[in-house]
Protein chains: 6
Amino acid sequence: MVNFANENEMFDMMRDKLNAAVISDILDGLGAREQGMRADIRPIYQGAIVVGRAYTVITADIFQVIDDPYGGEIEAVDSLKPNDVMVVCTNRSTHTCFWGELLSTAARARGARGIVIDGYTRDVAQISAMEFPTFATGVSMVDSKGRSIVIDHGCPANCGDVLVNTGDIVFGDIDGVVVIPKALEREVIPLALEKVGKENLLRGELLRGALLRDAYDKYKIL
Amino acid sequence: MVNFANENEMFDMMRDKLNAAVISDILDGLGAREQGMRADIRPIYQGAIVVGRAYTVITADIFQVIDDPYGGEIEAVDSLKPNDVMVVCTNRSTHTCFWGELLSTAARARGARGIVIDGYTRDVAQISAMEFPTFATGVSMVDSKGRSIVIDHGCPANCGDVLVNTGDIVFGDIDGVVVIPKALEREVIPLALEKVGKENLLRGELLRGALLRDAYDKYKIL
Amino acid sequence: MVNFANENEMFDMMRDKLNAAVISDILDGLGAREQGMRADIRPIYQGAIVVGRAYTVITADIFQVIDDPYGGEIEAVDSLKPNDVMVVCTNRSTHTCFWGELLSTAARARGARGIVIDGYTRDVAQISAMEFPTFATGVSMVDSKGRSIVIDHGCPANCGDVLVNTGDIVFGDIDGVVVIPKALEREVIPLALEKVGKENLLRGELLRGALLRDAYDKYKIL
Amino acid sequence: MVNFANENEMFDMMRDKLNAAVISDILDGLGAREQGMRADIRPIYQGAIVVGRAYTVITADIFQVIDDPYGGEIEAVDSLKPNDVMVVCTNRSTHTCFWGELLSTAARARGARGIVIDGYTRDVAQISAMEFPTFATGVSMVDSKGRSIVIDHGCPANCGDVLVNTGDIVFGDIDGVVVIPKALEREVIPLALEKVGKENLLRGELLRGALLRDAYDKYKIL
Amino acid sequence: MVNFANENEMFDMMRDKLNAAVISDILDGLGAREQGMRADIRPIYQGAIVVGRAYTVITADIFQVIDDPYGGEIEAVDSLKPNDVMVVCTNRSTHTCFWGELLSTAARARGARGIVIDGYTRDVAQISAMEFPTFATGVSMVDSKGRSIVIDHGCPANCGDVLVNTGDIVFGDIDGVVVIPKALEREVIPLALEKVGKENLLRGELLRGALLRDAYDKYKIL
Amino acid sequence: MVNFANENEMFDMMRDKLNAAVISDILDGLGAREQGMRADIRPIYQGAIVVGRAYTVITADIFQVIDDPYGGEIEAVDSLKPNDVMVVCTNRSTHTCFWGELLSTAARARGARGIVIDGYTRDVAQISAMEFPTFATGVSMVDSKGRSIVIDHGCPANCGDVLVNTGDIVFGDIDGVVVIPKALEREVIPLALEKVGKENLLRGELLRGALLRDAYDKYKIL
């Protein structure tokens with residue numbers, strides 16, 4: 001059993017000891033086989049790892065500048081709590097850009113651990129320098145003002161073809177972003193730690209020249 | 001008001017003090033809201049920044065090796081003047097590759113500041129080593145000989161879904177490429193410098209823990 | 001004429017002295033103009049260069065976990081010989097992920113020089129650290145178990161829109177992956193070395209300020 | 001000059017005498033060259049022609065069933081006035097379906113002349129039978145309940161890559177949908193009627209065997 | 001409750017009284033919200049309606065002509081039973097074509113009611129003339145020989161982004177193809193018949209000029 | 001052996017007795033396995049069949065109205081000879097529209113048998129009414145003036161991913177467009193006629209209830 005003094009400690013441990021691939025493998029084994037986001041959601045800087053509780057946002061494209069143009073976005077960012085990861089559904093918009101450096105600064109001030117956007121970010125150099133883990137489908141320099149609005153937050157939202165609920169654990173690294181449904185988290189974490197251990201043994205055999213057939217038959221993992 | 005001894009000095013200042021996002025925001029404010037190129041036009045090496053006057057080129061795919069196969073391309077490169085940025089419309093061809101190291105060397109010898117291609121380049125390692133700012137939609141090792149020809153240069157050309165005229169200012173960095181129409185450049189540059197200053201103040205507030213709502217209401221930018 | 005004590009020495013020389021672009025140019029001159037793979041097959045770490053003999057694999061997507069779920073994949077990896085480069089056709093599947101660190105470790109143990117996948121890999125951080133040259137269309141953390149199977153290997157296979165036969169030479173670097181058909185390899189290598197030499201002369205002229213027209217007319221290459 | 005007792009009569013005349021191609025040509029001549037919608041917005045039955053005043057709607061995808069799930073859609077349909085054409089921006093959603101037979105029946109009861117959707121419809125057989133001119137990017141049997149909501153109507157909206165304002169004239173036939181900005185309508189209609197006449201003369205020459213060069217030089221249209 | 005002398009009678013009733021949209025609505029209500037296939041799977045002739053029990057097939061692309069090139073395809077067709085609908089996963093191949101007139105003739109001889117292909121068919125004119133309900137993503141004249149093989153049948157298979165099991169009911173008409181999981185079929189059919197009835201009442205109100213708001217509030221369907 | 005008084009008679013016979021699928025099968029057997037165009041090139045009206053000698057055209061997108069804006073297009077159309085089929089490479093442009101009714105009228109006046117465009121047409125209703133066989137990837141109402149120009153004709157050209165030479169035979173019907181290289185035409189036609197005959201025998205067996213396995217083993221075709 002895994003116990004932690006608090007969530008912060010748990011997420012730090014997950015960041016340091018686990019990876020997206022092993023979490024996905026364990027979810028597969030538990031029958032949750034559609035938890036890996038689409039492959040075009042990528043970290044914007046080398047070494048970015050995000051782990052925390054999803055706080056979801058949905059945006060929609062618009063085509064005029066409205067009053068209080070960032071109203072919903074500001075409200076969503078100011079709602080973030082420690083250990084949150086913002087998870088944003090823009091429905092793959094290529095017309096707007098949801099995120100940037102100032103929003104990253106504000107989110108970090110609230111304790112958020114990162115953001116995953118099914119859409120674009122900007123200020124990639126600055127966000128990378130401040131190491132705020134940001135995952136996105138692309139980069140565009142345009143602002144969201146007059147291009148999109150937040151229509152809901154804290155609701156079920158599709159991100160990268162995975163249905164995410166506020167409170168699910170989100171884990172992203174260089175191999176992509178995977179979502180652990182709340183109901184499975186207590187099972188997934190210890191099993192993932194155990195698999196990491198077995199992979200070390202298997203790797204050792206392979207480094208010593210074993211055939212893959214023999215090594216696999218011994219450890220039954222890959 | 002901004003005054004410069006010469007264009008070279010102006011473009012160096014822009015490269016050092018501005019960025020694509022702030023320029024796009026100012027253009028938005030002036031009603032020029034479609035000046036950011038499509039997000040798949042990306043710098044080919046980390047830290048590439050391009051700024052200068054557009055010199056446009058249009059190419060077309062062909063399917064045989066013709067006499068003087070590089071004729072139009074050579075003519076276009078040899079026409080470049082100091083501070084030019086070549087802006088190339090290949091109509092998103094995936095069949096050819098417009099650019100490479102030797103062309104970069106020749107363009108730099110004419111004083112060009114970089115290139116933006118709605119299409120492919122090659123020789124990425126060599127161009128990165130010589131730090132010739134190159135933005136492209138992708139990379140392919142194939143040559144243009146027998147695959148495409150230059151059909152016009154110095155003409156209006158679509159690049160990344162923006163209509164570019166020779167003489168417009170082009171600015172590209174890690175957040176993408178934005179085009180300042182010639183008629184707006186005297187307005188855009190001082191306003192962009194001013195916004196950079198305000199962003200520094202807003203960032204300071206956020207770093208001190210202000211809610212985004214309060215910080216935004218004070219500075220009215222994001 | 002080029003002679004080598006063994007294939008290993010030849011591939012090391014090719015890796016050190018040649019590049020994908022010059023090989024593609026020579027193949028063009030020999031009339032083999034469709035040997036460059038699609039531009040979305042990219043190296044997963046900076047500096048990756050792969051060269052060796054193709055060993056082909058075809059996979060197909062499935063939608064259930066079968067007995068011995070990695071059977072075909074294990075058999076294909078265990079069949080690799082020194083200097084082989086695995087070349088994998090997944091028919092651009094976005095549903096599965098063919099490759100990972102443990103497979104890289106096993107392939108290297110057999111003497112393989114790298115892998116080119118028209119599909120996804122995972123374990124990008126670990127494969128990059130071990131410098132096993134891996135080229136892929138994308139990254140996903142999901143496992144192949146229950147998602148795809150190997151249906152044949154050592155057969156003709158389409159990878160990146162090039163038809164590859166086991167035994168062809170595959171060369172991949174930052175400019176992409178090009179395939180030298182077995183019948184042309186003795187012609188291609190010396191011609192490619194010769195063109196590299198001429199490019200050095202042409203580059204020298206351009207660095208001294210020659211117009212591209214004059215430099216091209218002198219060397220007739222670009 | 002063209003005068004009509006009422007708009008209904010004007011739209012009937014346009015439907016009977018004009019076509020999308022000739023309207024687009026006249027708009028081109030007036031410098032409005034980006035008024036033709038993307039080619040994947042197609043009529044859902046043979047012979048469908050739509051002409052009327054745009055009434056715009058924007059929808060956004062959601063991922064849960066909310067209270068009064070059709071509230072915005074009902075409000076938008078009930079707002080339609082005689083001669084309106086609903087113009088719907090779903091941001092090319094493939095997740096939902098905006099339209100159907102019962103909505104067509106309700107829209108016709110309000111006097112609407114048709115609908116143009118940058119998104120999907122259903123009930124194609126029934127809508128075709130009732131001859132309610134419907135243009136869409138595709139067909140899906142799913143309902144909008146729990147999949148999308150109307151977020152605004154009567155606002156500027158992008159449909160098929162054209163920015164449409166409520167009150168613009170929309171004309172769609174088998175060649176696609178073109179938008180006449182309100183400010184140009186008094187110029188466009190008589191010029192379009194005149195061009196139709198010239199095309200008849202040119203066609204006559206061609207049918208008598210004239211070379212295209214000679215016929216074009218005589219009438220200066222094509 | 002609905003009772004039928006046999007399955008044949010039940011499928012004939014479904015074909016005559018139901019449609020894809022109403023079945024999808026009922027499935028939505030039962031929480032099965034991902035049962036509608038992707039919108040690019042279309043009937044190849046006007047009026048085609050398919051209903052029956054899924055018999056699944058998975059194919060994979062290959063790149064050489066093998067011995068007994070149609071072996072798997074023949075075996076799959078010869079396995080069809082009365083009231084079967086072949087459901088084919090080609091993983092959206094654009095390289096091959098699965099179906100044609102002679103296969104339709106053979107399938108009909110076994111009693112099959114139609115076919116749904118996430119891939120291409122050919123012989124559209126002949127299949128339309130014989131009215132064998134065929135749904136496909138496109139049309140190509142190429143043969144499967146040397147281009148693809150059947151790798152499994154009677155297994156779970158993804159078709160149009162829906163996971164289909166042999167034995168599920170498949171219903172396709174002009175609005176697309178929807179899959180009724182075996183476990184839900186006894187619930188879906190009577191509820192769908194009931195909704196068709198209510199739609200008739202609602203349509204009547206709308207034809208008499210009711211506002212949509214009022215009509216919807218009365219019947220609570222749309 | 002097949003002999004014809006003239007080409008016109010031969011093409012009429014091919015139109016009446018052959019189809020794209022059988023021609024593709026025969027080309028496959030002769031090793032010409034890449035002669036079928038991409039599946040998105042479709043006939044614009046039901047029953048369209050085109051057969052004749054290719055006369056190729058390449059266009060390129062431009063972004064300004066030039067002098068004599070239709071010059072190249074007029075020249076290409078006026079060059080057509082009896083039995084020609086225009087084959088147009090626009091490099092899949094979605095920005096322009098190459099063809100229309102008046103051009104169809106002019107082409108028919110020169111004796112042309114139809115047109116195949118890797119790009120858009122307009123005037124679909126009128127071209128359908130005059131039954132000029134037109135195959136295209138889509139429909140748009142915009143004119144080519146200021147959007148594209150002809151850059152070459154009578155040259156090698158890629159259309160639908162097939163390399164077409166002027167003089168090749170082009171055959172298009174509802175199953176798509178296939179290209180018979182000039183060197184193979186004398187072999188292809190008699191073999192295609194022969195296969196049509198065998199298909200009739202095989203169909204007869206299947207209609208009488210034979211298993212596909214048995215019928216195929218007898219006739220060895222499918």
# chains A, B, ... in the order shown; residues from 1 in each chain; ligands from 1

call {"tool": "interface_residues", "arguments": {"of": "chain D", "to": "chain F", "cutoff": "6 Å", "atoms": "only C-alpha atoms", "output": "PyMOL selection string"}}
result
chain D and resi 20-21+24+39+175-176+206+209+213

call {"tool": "residues_around", "arguments": {"residues": "B:Lys17", "least_positions_apart": "3", "cutoff": "8 Å", "atoms": "only C-alpha atoms", "output": "list in words"}}
result
Met13, Met14 and Leu193 of chain B

call {"tool": "atom_distance", "arguments": {"atom1": "atom CA of A:Gly36", "atom2": "atom CA of A:Pro181"}}
result
11.5 Å

call {"tool": "atom_distance", "arguments": {"atom1": "atom CA of A:Gly114", "atom2": "atom CA of A:Val51"}}
result
7.6 Å

call {"tool": "select_by_dssp", "arguments": {"residues": "stretch 52-203 of chain E", "states": "strand (DSSP E)", "output": "PyMOL selection string"}}
result
chain E and resi 52-61+84-89+114-118+120-121+134-136+138-139+148-153+157-159+162-164+169-173+176-180

call {"tool": "residues_around", "arguments": {"residues": "D:Ile23", "least_positions_apart": "5", "cutoff": "8 Å", "atoms": "only C-alpha atoms", "output": "PyMOL selection string"}}
result
chain D and resi 18+178+188-189+192

call {"tool": "atom_distance", "arguments": {"atom1": "atom CA of E:Leu202", "atom2": "atom CA of D:Thr134"}}
result
20.8 Å

call {"tool": "select_by_dssp", "arguments": {"residues": "chain A", "states": "helix (DSSP H, G or I)", "output": "MDAnalysis selection string"}}
result
chainID A and resid 7:17 20:29 71:78 101:109 124:130 182:207 212:219

call {"tool": "residues_around", "arguments": {"residues": "E:Val170", "least_positions_apart": "5", "cutoff": "7 Å", "atoms": "only C-alpha atoms", "output": "list in words"}}
result
Val51, Gly52, Arg53, Ala54, Val177, Val178, Val179 and Ile180 of chain E

call {"tool": "write_last_selection", "arguments": {"atoms": "N, CA, C and O atoms", "output": "short mmCIF file (atom, residue, chain, number, x, y, z; two decimals), in the first residue's frame"}}
result
data_model
loop_
_atom_site.label_atom_id
_atom_site.label_comp_id
_atom_site.auth_asym_id
_atom_site.auth_seq_id
_atom_site.Cartn_x
_atom_site.Cartn_y
_atom_site.Cartn_z
N VAL E 51 -29.53 -3.48 -42.21
CA VAL E 51 -29.78 -3.85 -40.82
C VAL E 51 -29.56 -5.34 -40.69
O VAL E 51 -29.99 -6.12 -41.54
N GLY E 52 -28.85 -5.74 -39.65
CA GLY E 52 -28.57 -7.16 -39.45
C GLY E 52 -27.55 -7.34 -38.35
O GLY E 52 -27.23 -6.39 -37.63
N ARG E 53 -27.05 -8.56 -38.23
CA ARG E 53 -26.06 -8.90 -37.20
C ARG E 53 -24.65 -8.72 -37.77
O ARG E 53 -24.33 -9.26 -38.83
N ALA E 54 -23.82 -8.02 -37.03
CA ALA E 54 -22.45 -7.80 -37.48
C ALA E 54 -21.67 -9.10 -37.56
O ALA E 54 -21.73 -9.94 -36.65
N VAL E 177 -24.23 5.02 -39.93
CA VAL E 177 -24.33 3.66 -39.39
C VAL E 177 -24.19 3.70 -37.87
O VAL E 177 -23.27 4.31 -37.33
N VAL E 178 -25.12 3.04 -37.18
CA VAL E 178 -25.11 2.99 -35.73
C VAL E 178 -25.11 1.53 -35.29
O VAL E 178 -25.67 0.67 -35.97
N VAL E 179 -24.46 1.26 -34.17
CA VAL E 179 -24.29 -0.12 -33.70
C VAL E 179 -25.03 -0.29 -32.37
O VAL E 179 -24.80 0.46 -31.43
N ILE E 180 -25.91 -1.28 -32.32
CA ILE E 180 -26.64 -1.60 -31.08
C ILE E 180 -25.93 -2.77 -30.41
O ILE E 180 -25.95 -3.88 -30.93
#

call {"tool": "closest_residue", "arguments": {"among": "A:Ile127, A:Val85, A:Ile41, A:Glu7", "to": "B:Ile174", "atoms": "only C-alpha atoms"}}
result
A:Ile127

call {"tool": "residues_around", "arguments": {"residues": "stretch 131-133 of chain F", "least_positions_apart": "3", "cutoff": "9 Å", "atoms": "only C-alpha atoms", "output": "list in words"}}
result
Pro43, Ile44, Tyr45, Gly47, Ala48, Ile49, Val50, Ser104, Thr105, Arg108, Arg113, Gly114, Ile115, Val116, Gln126, Ile127, Ser128 and Gly172 of chain F

call {"tool": "write_last_selection", "arguments": {"atoms": "N, CA and C atoms", "output": "short mmCIF file (atom, residue, chain, number, x, y, z; two decimals), in the first residue's frame"}}
result
data_model
loop_
_atom_site.label_atom_id
_atom_site.label_comp_id
_atom_site.auth_asym_id
_atom_site.auth_seq_id
_atom_site.Cartn_x
_atom_site.Cartn_y
_atom_site.Cartn_z
N PRO F 43 -16.36 11.47 -60.41
CA PRO F 43 -17.21 12.04 -61.46
C PRO F 43 -18.19 13.03 -60.86
N ILE F 44 -18.52 14.11 -61.60
CA ILE F 44 -19.42 15.11 -61.01
C ILE F 44 -20.89 14.83 -61.31
N TYR F 45 -21.15 13.87 -62.20
CA TYR F 45 -22.57 13.48 -62.39
C TYR F 45 -22.65 11.98 -62.57
N GLY F 47 -23.18 8.47 -63.96
CA GLY F 47 -23.10 7.90 -65.29
C GLY F 47 -21.95 8.45 -66.13
N ALA F 48 -21.22 9.42 -65.61
CA ALA F 48 -20.09 9.96 -66.37
C ALA F 48 -19.03 8.89 -66.60
N ILE F 49 -18.63 8.71 -67.84
CA ILE F 49 -17.52 7.81 -68.18
C ILE F 49 -16.61 8.57 -69.13
N VAL F 50 -15.33 8.59 -68.82
CA VAL F 50 -14.40 9.29 -69.69
C VAL F 50 -13.36 8.31 -70.19
N SER F 104 -15.89 23.80 -70.82
CA SER F 104 -16.37 22.49 -71.30
C SER F 104 -16.91 22.62 -72.72
N THR F 105 -17.65 23.68 -72.93
CA THR F 105 -18.21 23.92 -74.27
C THR F 105 -17.10 24.09 -75.30
N ARG F 108 -15.27 20.69 -75.85
CA ARG F 108 -16.06 19.78 -76.68
C ARG F 108 -16.02 20.23 -78.15
N ARG F 113 -12.91 14.62 -75.11
CA ARG F 113 -13.87 13.66 -74.57
C ARG F 113 -14.14 13.85 -73.08
N GLY F 114 -13.43 14.76 -72.43
CA GLY F 114 -13.69 14.96 -71.00
C GLY F 114 -12.48 15.54 -70.32
N ILE F 115 -12.54 15.59 -68.99
CA ILE F 115 -11.47 16.21 -68.22
C ILE F 115 -11.36 15.53 -66.86
N VAL F 116 -10.14 15.39 -66.39
CA VAL F 116 -9.85 14.86 -65.05
C VAL F 116 -8.99 15.90 -64.34
N GLN F 126 -24.67 22.77 -65.08
CA GLN F 126 -24.63 22.94 -66.54
C GLN F 126 -23.76 21.86 -67.22
N ILE F 127 -22.62 21.53 -66.61
CA ILE F 127 -21.76 20.50 -67.21
C ILE F 127 -22.46 19.14 -67.19
N SER F 128 -23.20 18.89 -66.12
CA SER F 128 -23.96 17.64 -66.04
C SER F 128 -25.03 17.60 -67.11
N GLY F 172 -11.99 6.75 -66.88
CA GLY F 172 -12.63 7.07 -65.60
C GLY F 172 -14.10 6.70 -65.62
#
